[in-house]
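As structure tokens, the structure follows; a few thoughts come after it.
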Amino acid sequence: MPLTSEHSAPGAAGSPSFLAFVKRERVLGIAVVTSIIAFLFEDRLFHDMGHPVKLTFLLAWLFSVILASAVGVVRHAEVISERLGEPFGTLVLTLSITGIEVLSITAVMLNGENNPALVRDTLFSVVMIIMGGMLGISLLLGALRHRELTFNLQGANAYLGVIIPLAVFSLILPNFTRSTEGPTLSDLQKVMLGLMAAGLYLIFLMMQTGRHRGYFAQPEEDGAPTEEHKKPSGPLWLSVILLFCYIVPVVYLVEQLAKPIDYIIETRGAPGVIGGVLMAILVTTPEGIGGVRAALNKRLQSSVNIFLGSVLATIGLTVPIMLAVSSALGLNLQLGLAPTDALLLVLILVVSIVTFSSGRTNLLQGAVHFLLFVAFLLLIYRG
């Protein structure tokens, strides 16, 4: 076994493998140093954010470190997933990113000012960014290279069959309930929604990892390129440890990033949804890279598993967890979307049904999804 393998364990200090390991995991060191600086000099860093240069530097610095660390999480999750194989591999990847999202939202709620719409804005942004932007880019680039892409129709329908009711119950139904004021739910309705989301996601996992695993495998197609993936040669435990080592600074730095974002919203007149959008970008971008890469390699089913699996995990896990956290903290979450956002949500779900109804995708479908994402970005600013 060569010591310089990509995932080999570090050897003695000064050896080529150790130097390669340090170089490969340098982002972790940067994230840890950034977290220490933010902890020790918090008052100085976030004092007088009215200076535009300081504010821009803080945003760019924290955003870049968090995003690079999130990419590190995905990199090690992919190593673990290659060892486990499908569909367990994609499951590890989506659960890792969803874990970051849940922990980050919880950290902001516990330590920052109460933002009752943060969960709603993050969930809606994740749906639009993934099912609109990232899926659209994957279909566009894949179609430009291969004309048509194939996927397992039963797997895509299984995802959508759970995503659609959970999205409607979580983000639209609260606007029509009359037991509480505003787009909120009563305690009994929260219990119903939490149990429904967790229960459906659990049943889906049983199907995905059990008797219907074949639904989530790339269908065999004549002329499709076959790729041989090398199994990582390093120890699995090292990737597991590094996965959690990357997650910890990400969660802490997201909490720090919320401070300049809140300042911009409160003093610069930025839309309140911008916090949820930025958090959604941070947690979805690393997955998006993997999904686009899979589509370019004519493995659209992997893209479907990543994108739709991420949306399903976000709703199926984030909603019940955040409902429990908000109840424990005495917070009343605002879940119902504004009419414009609700219309966009219904539209992207309907378009997704049409896209994944034939087992093949083309350039036009990618363009439609991407334009819906552009509309979402434009409608964030409502004048």
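For the structure tokens, the naming scheme is as follows: chains receive sequential letters (A, B, ...) according to their order of presentation, residues are indexed from 1 within each chain, and ligands are indexed from 1 in presentation order.
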Distance query Arg75 of chain A at most 10 Å, only C-alpha atoms, self and fewer than 3 positions along chain excluded, as a list in words: Ser69, Ala70, Val71, Gly72, Glu78, Val79, Ile80, Ser81, Leu93, Ser239, Leu242, Leu243, Pro286, Glu287 and Gly290 of chain A
For segment 242-265 of chain A versus segment 30-43 of chain A, which residues have an atom no more than 9 Å away, and what is each residue's nearest atom pair and distance in Å rounded to one decimal, using only C-alpha atoms, chain-then-number order, as JSON lines?
{"residue": "A:Tyr246", "atom": "CA", "partner": "A:Ala31", "partner_atom": "CA", "distance": 8.0}
{"residue": "A:Pro249", "atom": "CA", "partner": "A:Ala31", "partner_atom": "CA", "distance": 6.1}
{"residue": "A:Val250", "atom": "CA", "partner": "A:Ala31", "partner_atom": "CA", "distance": 7.7}
{"residue": "A:Tyr252", "atom": "CA", "partner": "A:Ser35", "partner_atom": "CA", "distance": 7.1}
{"residue": "A:Leu253", "atom": "CA", "partner": "A:Ser35", "partner_atom": "CA", "distance": 6.5}
{"residue": "A:Gln256", "atom": "CA", "partner": "A:Ala38", "partner_atom": "CA", "distance": 7.6}
Of A:Ala167, A:Leu153, A:Glu255, A:Asn115, the one nearest to Val354 of chain A when counting only C-alpha atoms is A:Leu153
Met134 of chain A environment, 8 Å, only C-alpha atoms, sequence neighbours closer than 6 positions dropped, as a list of chain:residue names: A:Gly288, A:Gly291, A:Val292, A:Phe307, A:Phe370
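Non-sequential neighbours of Met131 of chain A (distance at most 10 Å, separation of 3 or more positions within a chain, only C-alpha atoms) are A:Ser125, A:Val126, A:Val127, A:Met128, A:Met134, A:Leu135, A:Gly136, A:Ile137, A:Val304, A:Phe307, A:Leu308, A:Ser310, A:Val311, A:Leu345, A:Ile348, A:Leu349, A:Val351, A:Ser352, A:His369, A:Phe370, A:Leu372, A:Phe373.
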DSSP-assigned helix (DSSP H, G or I) among segment 164-329 of chain A, expressed as a VMD selection string: chain A and resid 164 to 171 173 to 175 187 to 209 213 to 216 236 to 267 274 to 296 300 to 329
Top pick for closest residue to Ile315 of chain A, considering A:Phe216, A:Tyr159, A:Phe63, A:Phe376 and counting only C-alpha atoms: A:Tyr159
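For the atom pair formed by atom CA of Leu378 of chain A and atom CA of Asp121 of chain A, the distance is 15.3 Å, given to one decimal.
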Residue contacts of Leu118 of chain A (8 Å, only C-alpha atoms) excluding same-chain residues fewer than 5 positions away, as a PyMOL selection string: chain A and resi 105+273+275-276
